[in-house]
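Visitor: Contents of coords-v7.txt (compact mmCIF, C-alpha atoms) are below:
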# COMPACT_ATOMS: atom_id res chain seq x y z
CA MET A 1146 7.57 -17.32 -2.73
CA ALA A 1147 9.05 -20.78 -2.84
CA VAL A 1148 8.44 -22.85 0.23
CA ASP A 1149 11.97 -24.23 0.02
CA ALA A 1150 13.53 -20.82 0.16
CA GLU A 1151 11.42 -19.98 3.17
CA GLN A 1152 12.39 -23.15 4.97
CA ASN A 1153 16.03 -22.47 4.32
CA VAL A 1154 15.72 -19.10 5.94
CA SER A 1155 14.01 -20.49 9.03
CA GLN A 1156 16.03 -23.66 9.39
CA GLY A 1157 19.44 -22.22 8.82
CA ASN A 1158 20.15 -20.95 12.30
CA ASP A 1159 21.27 -17.61 10.99
CA PRO A 1160 18.82 -15.08 12.39
CA ALA A 1161 20.57 -12.23 10.55
CA ARG A 1162 18.94 -13.59 7.42
CA TRP A 1163 15.54 -13.35 9.06
CA VAL A 1164 16.09 -9.61 9.40
CA ASP A 1165 16.91 -9.18 5.71
CA ARG A 1166 14.09 -11.40 4.58
CA TYR A 1167 11.26 -10.26 6.86
CA GLY A 1168 12.38 -6.98 8.44
CA ASP A 1169 10.68 -4.56 6.05
CA VAL A 1170 7.42 -6.47 5.88
CA MET A 1171 7.22 -6.58 9.65
CA LEU A 1172 8.01 -2.90 9.94
CA SER A 1173 5.17 -2.02 7.53
CA PHE A 1174 2.85 -4.18 9.57
CA ALA A 1175 3.83 -2.56 12.87
CA LEU A 1176 3.83 0.95 11.41
CA ALA A 1177 0.33 0.55 10.01
CA ARG A 1178 -0.91 -0.21 13.52
CA THR A 1179 1.14 2.05 15.72
CA GLY A 1180 1.60 4.97 13.33
CA ARG A 1181 5.07 5.65 14.75
CA GLN A 1182 8.34 4.65 13.13
CA ASP A 1183 10.35 4.50 16.38
CA VAL A 1184 7.77 2.39 18.18
CA ALA A 1185 7.37 0.12 15.14
CA GLU A 1186 11.12 -0.46 14.94
CA ASP A 1187 11.31 -1.27 18.67
CA LEU A 1188 8.51 -3.80 18.29
CA VAL A 1189 10.16 -5.43 15.29
CA GLN A 1190 13.41 -5.68 17.23
CA GLU A 1191 11.68 -7.30 20.21
CA THR A 1192 9.92 -9.69 17.88
CA PHE A 1193 13.13 -10.96 16.30
CA LEU A 1194 14.75 -11.47 19.70
CA ALA A 1195 11.68 -13.28 21.02
CA ALA A 1196 11.57 -15.39 17.85
CA TRP A 1197 15.19 -16.42 18.35
CA ARG A 1198 14.54 -17.48 21.94
CA ALA A 1199 11.39 -19.34 20.94
CA ARG A 1200 12.69 -20.81 17.68
CA ASP A 1201 12.23 -24.38 18.94
CA THR A 1202 8.50 -23.81 19.20
CA TYR A 1203 8.19 -22.96 15.49
CA GLU A 1204 6.33 -25.75 13.76
CA LYS A 1205 7.04 -26.31 10.13
CA ARG A 1206 3.36 -26.63 9.35
CA SER A 1207 2.93 -22.87 9.18
CA LYS A 1208 5.00 -20.47 7.15
CA PHE A 1209 7.87 -18.92 8.98
CA GLY A 1210 6.77 -15.40 8.03
CA THR A 1211 3.30 -16.07 9.42
CA TRP A 1212 4.79 -17.32 12.65
CA LEU A 1213 6.88 -14.15 12.98
CA LEU A 1214 3.83 -11.97 12.33
CA GLY A 1215 1.98 -13.84 15.07
CA ILE A 1216 4.67 -12.88 17.56
CA LEU A 1217 4.65 -9.29 16.29
CA ARG A 1218 0.87 -9.11 16.72
CA ARG A 1219 1.22 -10.06 20.38
CA LYS A 1220 4.00 -7.50 20.86
CA ILE A 1221 1.78 -4.82 19.35
CA ALA A 1222 -1.13 -5.80 21.61
CA ASP A 1223 1.21 -5.67 24.63
CA TYR A 1224 2.39 -2.23 23.57
CA PHE A 1225 -1.13 -0.83 23.44
CA ARG A 1226 -2.05 -2.43 26.74
CA ALA A 1227 1.01 -1.00 28.45
CA SER A 1228 0.80 2.48 26.97
CA GLY A 1229 -2.95 2.84 27.29
CA ARG A 1230 -3.08 4.17 23.73
CA GLU A 1231 -5.67 3.31 21.17
CA PRO A 1232 -4.59 1.30 18.14
CA ALA A 1233 -4.49 3.29 14.89
CA ARG A 1234 -8.04 3.24 13.61
CA ARG A 1235 -8.69 0.05 11.73
CA SER A 1236 -9.86 1.27 8.42
CA GLY A 1237 -12.63 -0.73 6.88
CA ALA A 1238 -14.24 0.13 3.56
CA ALA A 1239 -16.87 2.31 5.23
CA ALA A 1240 -14.46 4.18 7.46
CA GLU A 1241 -12.29 5.17 4.54
CA SER A 1242 -14.85 6.75 2.29
CA ASP A 1243 -15.51 10.35 3.12
CA GLN A 1244 -17.32 13.23 1.60
CA SER A 1245 -14.36 15.06 0.15
CA LEU A 1246 -14.29 13.34 -3.24
CA PHE A 1247 -17.98 12.66 -3.93
CA ASP A 1248 -21.12 14.33 -2.69
CA GLY A 1249 -24.02 12.57 -0.98
CA ARG A 1250 -25.40 11.39 -4.31
CA GLY A 1251 -22.14 9.90 -5.54
CA LYS A 1252 -21.31 12.78 -7.86
CA TRP A 1253 -17.84 14.29 -8.31
CA VAL A 1254 -17.03 17.16 -5.99
CA GLU A 1255 -14.11 18.09 -8.24
CA ALA A 1256 -14.68 16.61 -11.67
CA PRO A 1257 -11.50 15.42 -13.40
CA ALA A 1258 -10.33 17.81 -16.10
CA GLY A 1259 -8.51 17.07 -19.33
CA TRP A 1260 -4.75 16.84 -18.85
CA GLN A 1261 -2.90 18.36 -21.74
CA ARG A 1262 0.67 17.13 -21.61
CA THR A 1263 1.79 13.63 -22.37
CA PRO A 1264 3.62 11.46 -19.83
CA ASP A 1265 6.80 11.73 -21.91
CA GLU A 1266 6.83 15.51 -21.71
CA LEU A 1267 6.05 15.46 -17.99
CA ALA A 1268 8.72 12.91 -17.19
CA GLU A 1269 11.38 15.37 -18.35
CA ASN A 1270 10.23 18.03 -15.96
CA ALA A 1271 11.95 18.10 -12.55
CA GLU A 1272 9.42 20.53 -11.14
CA PHE A 1273 6.62 18.15 -11.95
CA TRP A 1274 8.30 15.34 -10.03
CA THR A 1275 8.72 17.55 -6.98
CA ILE A 1276 5.00 18.16 -6.99
CA PHE A 1277 4.34 14.48 -7.58
CA ALA A 1278 6.46 13.55 -4.55
CA ASN A 1279 4.77 16.18 -2.40
CA CYS A 1280 1.35 14.89 -3.38
CA LEU A 1281 2.34 11.36 -2.39
CA SER A 1282 3.71 12.44 0.96
CA ASP A 1283 0.56 14.45 1.72
CA MET A 1284 -1.51 11.30 1.49
CA PRO A 1285 -2.40 9.26 4.58
CA VAL A 1286 0.42 6.77 5.14
CA HIS A 1287 -1.65 3.63 4.62
CA LEU A 1288 -2.94 4.90 1.28
CA ALA A 1289 0.46 6.04 0.00
CA GLN A 1290 1.92 2.72 1.01
CA ALA A 1291 -0.69 0.66 -0.83
CA PHE A 1292 -0.28 2.85 -3.90
CA GLN A 1293 3.50 2.59 -3.95
CA LEU A 1294 3.61 -1.15 -3.33
CA ARG A 1295 1.17 -1.67 -6.15
CA GLU A 1296 2.28 0.88 -8.73
CA PHE A 1297 6.01 0.46 -8.20
CA GLY A 1298 5.51 -3.26 -8.68
CA LEU A 1299 6.98 -4.07 -5.27
CA ALA A 1300 4.37 -6.58 -4.19
CA THR A 1301 1.45 -8.56 -5.56
CA MET A 1302 -2.09 -7.71 -4.54
CA ASN A 1303 -2.08 -10.73 -2.21
CA GLN A 1304 1.17 -9.76 -0.59
CA ILE A 1305 -0.07 -6.23 0.04
CA CYS A 1306 -3.21 -7.59 1.70
CA GLN A 1307 -1.16 -9.88 3.93
CA THR A 1308 1.32 -7.20 4.90
CA ALA A 1309 -1.33 -4.66 5.77
CA GLY A 1310 -3.65 -7.26 7.30
CA ILE A 1311 -6.59 -6.26 5.09
CA THR A 1312 -9.01 -7.96 2.70
CA PRO A 1313 -8.83 -7.62 -1.10
CA LYS A 1314 -11.93 -5.44 -0.90
CA ASN A 1315 -10.23 -3.09 1.58
CA LEU A 1316 -7.20 -2.91 -0.68
CA SER A 1317 -9.22 -2.00 -3.75
CA VAL A 1318 -10.90 0.76 -1.74
CA ARG A 1319 -7.52 2.03 -0.57
CA LEU A 1320 -6.05 2.03 -4.07
CA HIS A 1321 -9.12 3.82 -5.37
CA ARG A 1322 -8.81 6.51 -2.73
CA ALA A 1323 -5.07 6.84 -3.19
CA ARG A 1324 -5.43 7.26 -6.94
CA LEU A 1325 -8.21 9.82 -6.60
CA LEU A 1326 -6.31 11.85 -4.01
CA LEU A 1327 -3.18 11.78 -6.12
CA ARG A 1328 -4.96 12.80 -9.30
CA GLN A 1329 -6.79 15.58 -7.45
CA CYS A 1330 -3.55 16.88 -5.97
CA LEU A 1331 -1.72 16.78 -9.32
CA GLU A 1332 -4.57 18.58 -10.98
CA ARG A 1333 -4.70 21.30 -8.35
CA LYS A 1334 -0.98 21.86 -8.10
CA TRP A 1335 0.18 21.21 -11.63
CA PHE A 1336 -2.29 20.77 -14.46
CA ARG A 1337 -4.48 23.71 -13.55
CA ASN A 1338 -1.50 26.05 -13.51
CA GLU A 1339 0.06 24.93 -16.74
CA MET B 31 -29.44 -10.67 -17.37
CA GLN B 32 -30.64 -10.65 -13.77
CA LEU B 33 -32.56 -7.70 -12.44
CA LYS B 34 -29.80 -6.93 -9.97
CA ASN B 35 -27.30 -6.71 -12.81
CA LEU B 36 -29.59 -4.58 -14.94
CA LYS B 37 -29.87 -2.20 -12.07
CA LEU B 38 -26.10 -2.01 -11.76
CA VAL B 39 -25.73 -1.31 -15.47
CA PHE B 40 -28.20 1.54 -15.52
CA SER B 41 -27.80 3.17 -12.15
CA LEU B 42 -24.06 3.38 -11.66
CA ARG B 43 -23.00 6.58 -9.94
CA CYS B 44 -19.69 8.38 -10.49
CA GLU B 45 -18.40 7.16 -7.13
CA GLU B 46 -19.02 3.51 -8.07
CA ALA B 47 -17.87 4.01 -11.64
CA SER B 48 -14.59 5.47 -10.43
CA GLN B 49 -14.11 2.50 -8.08
CA LEU B 50 -14.55 0.18 -11.08
CA ILE B 51 -12.17 2.26 -13.17
CA SER B 52 -9.59 1.94 -10.42
CA ASP B 53 -10.27 -1.80 -10.08
CA SER B 54 -9.76 -2.24 -13.82
CA LEU B 55 -6.09 -1.37 -13.27
CA ASP B 56 -5.76 -4.24 -10.80
CA ARG B 57 -7.99 -7.03 -12.05
CA ASP B 58 -10.23 -8.10 -14.93
CA LEU B 59 -13.71 -6.67 -14.51
CA THR B 60 -16.69 -9.01 -14.80
CA ALA B 61 -18.88 -8.77 -17.89
CA VAL B 62 -21.59 -6.95 -15.96
CA GLU B 63 -19.10 -4.50 -14.49
CA ARG B 64 -17.70 -3.79 -17.95
CA TRP B 65 -21.18 -3.12 -19.31
CA ALA B 66 -22.10 -0.89 -16.41
CA LEU B 67 -18.94 1.10 -16.86
CA ARG B 68 -19.43 1.40 -20.61
CA VAL B 69 -22.97 2.71 -20.22
CA HIS B 70 -21.90 5.15 -17.53
CA THR B 71 -18.87 6.56 -19.30
CA LEU B 72 -20.82 6.99 -22.52
CA ALA B 73 -22.75 9.71 -20.75
CA CYS B 74 -20.14 10.94 -18.26
CA ARG B 75 -17.16 12.94 -19.46
CA PRO B 76 -15.50 13.36 -16.02
CA CYS B 77 -15.34 9.56 -15.61
CA ARG B 78 -13.91 9.15 -19.11
CA ARG B 79 -11.28 11.67 -18.14
CA LEU B 80 -10.60 9.82 -14.92
CA LEU B 81 -9.72 6.67 -16.82
CA ARG B 82 -7.30 8.60 -19.01
CA GLN B 83 -5.79 10.32 -15.99
CA LEU B 84 -5.21 7.07 -14.14
CA GLN B 85 -3.60 5.58 -17.22
CA THR B 86 -1.39 8.66 -17.48
CA MET B 87 -0.43 8.31 -13.82
CA ARG B 88 0.51 4.68 -14.29
CA GLU B 89 2.66 5.55 -17.27
CA LEU B 90 4.26 8.38 -15.32
CA VAL B 91 5.13 6.09 -12.43
CA SER B 92 6.98 3.83 -14.87
CA LYS B 93 9.14 6.82 -15.81
CA ILE B 94 9.80 8.04 -12.31
CA PRO B 95 13.43 9.22 -11.87
CA ASP B 96 15.53 6.77 -9.84
CA ALA B 97 16.69 9.46 -7.45
CA LEU B 98 13.11 10.28 -6.57
CA ARG B 99 12.05 6.66 -6.22
CA ASP B 100 14.85 6.17 -3.71
CA THR B 101 14.19 9.13 -1.46
CA SER B 102 12.54 8.19 1.78
CA ARG B 103 9.52 10.30 1.02
CA ILE B 104 8.48 8.20 -1.89
CA SER B 105 9.92 4.84 -0.99
CA VAL B 106 8.17 2.10 0.82
CA THR B 107 8.65 1.68 4.53
CA ARG B 108 11.98 0.14 5.30
CA LEU B 109 13.80 -0.72 8.44
CA SER B 110 16.51 1.93 8.87
CA ALA B 111 20.04 0.70 8.17
CA GLU B 112 21.06 1.58 11.70
CA ARG B 113 18.23 -0.43 13.23
CA ARG B 114 18.90 -3.33 10.92
CA ARG B 115 22.50 -3.47 12.12
CA ARG B 116 21.41 -3.15 15.74
CA ILE B 117 18.94 -6.05 15.53
CA LYS B 118 21.50 -8.28 13.83
CA GLN B 119 24.03 -7.43 16.51
CA LEU B 120 21.60 -8.24 19.31
CA LEU B 121 20.76 -11.54 17.63
CA ARG B 122 24.44 -12.37 17.29
CA GLU B 123 24.95 -11.68 20.97
CA ALA B 124 22.02 -13.90 21.84
CA GLN B 125 23.52 -16.64 19.70
CA GLN B 126 26.92 -16.34 21.34
CA GLN B 127 25.49 -16.36 24.84
CA GLU B 128 23.85 -19.68 24.12
CA SER B 129 26.91 -21.33 22.67
CA SER B 130 29.26 -20.19 25.42
As structure tokens, how would this structure be written, given the file I've shared?
Guide:
Amino acid sequence: MAVDAEQNVSQGNDPARWVDRYGDVMLSFALARTGRQDVAEDLVQETFLAAWRARDTYEKRSKFGTWLLGILRRKIADYFRASGREPARRSGAAAESDQSLFDGRGKWVEAPAGWQRTPDELAENAEFWTIFANCLSDMPVHLAQAFQLREFGLATMNQICQTAGITPKNLSVRLHRARLLLRQCLERKWFRNE
Amino acid sequence: MQLKNLKLVFSLRCEEASQLISDSLDRDLTAVERWALRVHTLACRPCRRLLRQLQTMRELVSKIPDALRDTSRISVTRLSAERRRRIKQLLREAQQQESS
């Protein structure tokens, strides 16, 4: 993203533009940590209001988006302190691997089968897409999100890492898991029954 | 080739191979990783199939119907329209309070 564009957004004292520019990214960030849409939206709202009140303290040295995320982080910490809840489990590479896809010796639990139909044939089939959508929504939110951002071309690898607050290694583990879960689900619910 | 690399080439397990196959959709693999994967997939049909499946999935995603892409289930997290309006309104009020 161009630095100029970013400065325009922050300098122009039109906070409505902040919402359009950063709202979705901040929501993803808050949702990944709180796991609740309503709470995440409340926190994003508080963050924008706090940012407006504190706008004079923003120093141009850092990116405006980073500054906003800093405020959001504090809001999230406050929320957990006040509610006595635990933050959504931070998922590192180790925490995310489980035994459902590979056995203890790294072998396939459910070996991929040959898929007969071509993408062109499948794309015509409404029933297939229903199953595809169901498979995506069955996935843990953080995995589905990484997959969609990446495969729908909505964000670069770096942007996804920043948004989710994870390392490139974490992201590659998430994408791996997401792809394996999706292919397993499609195979169970579609290709095996063809 | 270093011993460590040799070991990677000849002892890759399906779990690691499938991680590399997934990575290959996101970045260029290193020479050693490519070799390791080649040796593994030569002997492992499930992992060869995985690569084809992931390629199929990527192609499918490029053909996803617009209607489906737009439904909330499959779309990326977005601030709801209602909330977006509400935040903008609150910000406008904060602005006006200051200038009055």
Visitor: I need every residue sitting at most 9 Å from the point (8.2, -4.5, 18.4) (coordinates as in the file, only C-alpha atoms considered), written as a PyMOL selection string.
Guide: chain A and resi 1172+1175+1184-1193+1217-1218+1220-1221+1224
Visitor: Taking into account all atoms listed in the file, which residue in the set B:Thr71, B:Ser48, B:Gln127, B:Gln32 is nearest to chain A?
Guide: B:Ser48
Visitor: Counting all atoms listed in the file, which residues from chain A have an atom at most 8 Å from any atom of chain B, and could you show them as a PyMOL selection string?
Guide: chain A and resi 1160-1161+1164+1168-1169+1172-1173+1186+1190+1193-1194+1197+1247+1250-1253+1256-1260+1263-1265+1267-1268+1274+1278+1281-1282+1290+1293-1294+1296-1297+1317-1318+1320-1321+1324+1328
Visitor: Counting all atoms listed in the file, which of A:Asn1270, A:Gln1182, A:Gln1261, A:Thr1308 gets nearest to Thr1211 of chain A?
Guide: A:Thr1308
Visitor: One decimal, in Å: what's the spacing between atom CA of Asn1158 of chain A and atom CA of Thr1202 of chain A?
Guide: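 We find that atom CA of Asn1158 of chain A and atom CA of Thr1202 of chain A lie 13.8 Å from each other.
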Visitor: Would you list the contacts of segment 39-41 of chain B as a PyMOL selection string, taking every protein, DNA or RNA residue within 8 Å and counting all atoms listed in the file, but skipping same-chain residues closer than 2 positions in sequence?
Guide: chain B and resi 35-37+43+62-63+65-67+69-70
Visitor: Residues within 8 Å of Leu1288 of chain A, please, as number ranges by chain. Count only C-alpha atoms; anything in the same chain fewer than 5 positions from it doesn't count.
Guide: A: 1319-1320, 1322-1323
Visitor: One decimal, Å: what's the distance from atom CA of Glu1332 of chain A over to atom CA of Asn1279 of chain A, could you say?
Guide: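 Computed distance, atom CA of Glu1332 of chain A to atom CA of Asn1279 of chain A, equals 12.9 Å.
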Visitor: Provide an axis-aligned box for all listed atoms of segment 114-118 of chain B, padding each side by 4 Å; report its centre and its edge lengths in Å to one decimal, as JSON.
Guide:
{"center_x": 20.7, "center_y": -5.7, "center_z": 13.3, "size_x": 11.6, "size_y": 13.1, "size_z": 12.8}
Visitor: Quote the spacing between atom CA of Tyr1203 of chain A and atom CA of Arg1219 of chain A in Å to one decimal place.
Guide: 15.5 Å
Visitor: Can you pull out every residue within 8 Å of Leu1246 of chain A, counting all atoms listed in the file, but drop anything in the same chain fewer than 3 positions away, and send it as a list in words?
Guide: Asp1243, Trp1253, Val1254, Glu1255 and Leu1325 of chain A
Visitor: If you keep C-alpha atoms, can you produce a file of those selected residues as a CSV table (one decimal), keeping the file's coordinate frame?
Guide:
chain,number,residue,atom,x,y,z
A,1243,ASP,CA,-15.5,10.4,3.1
A,1253,TRP,CA,-17.8,14.3,-8.3
A,1254,VAL,CA,-17.0,17.2,-6.0
A,1255,GLU,CA,-14.1,18.1,-8.2
A,1325,LEU,CA,-8.2,9.8,-6.6
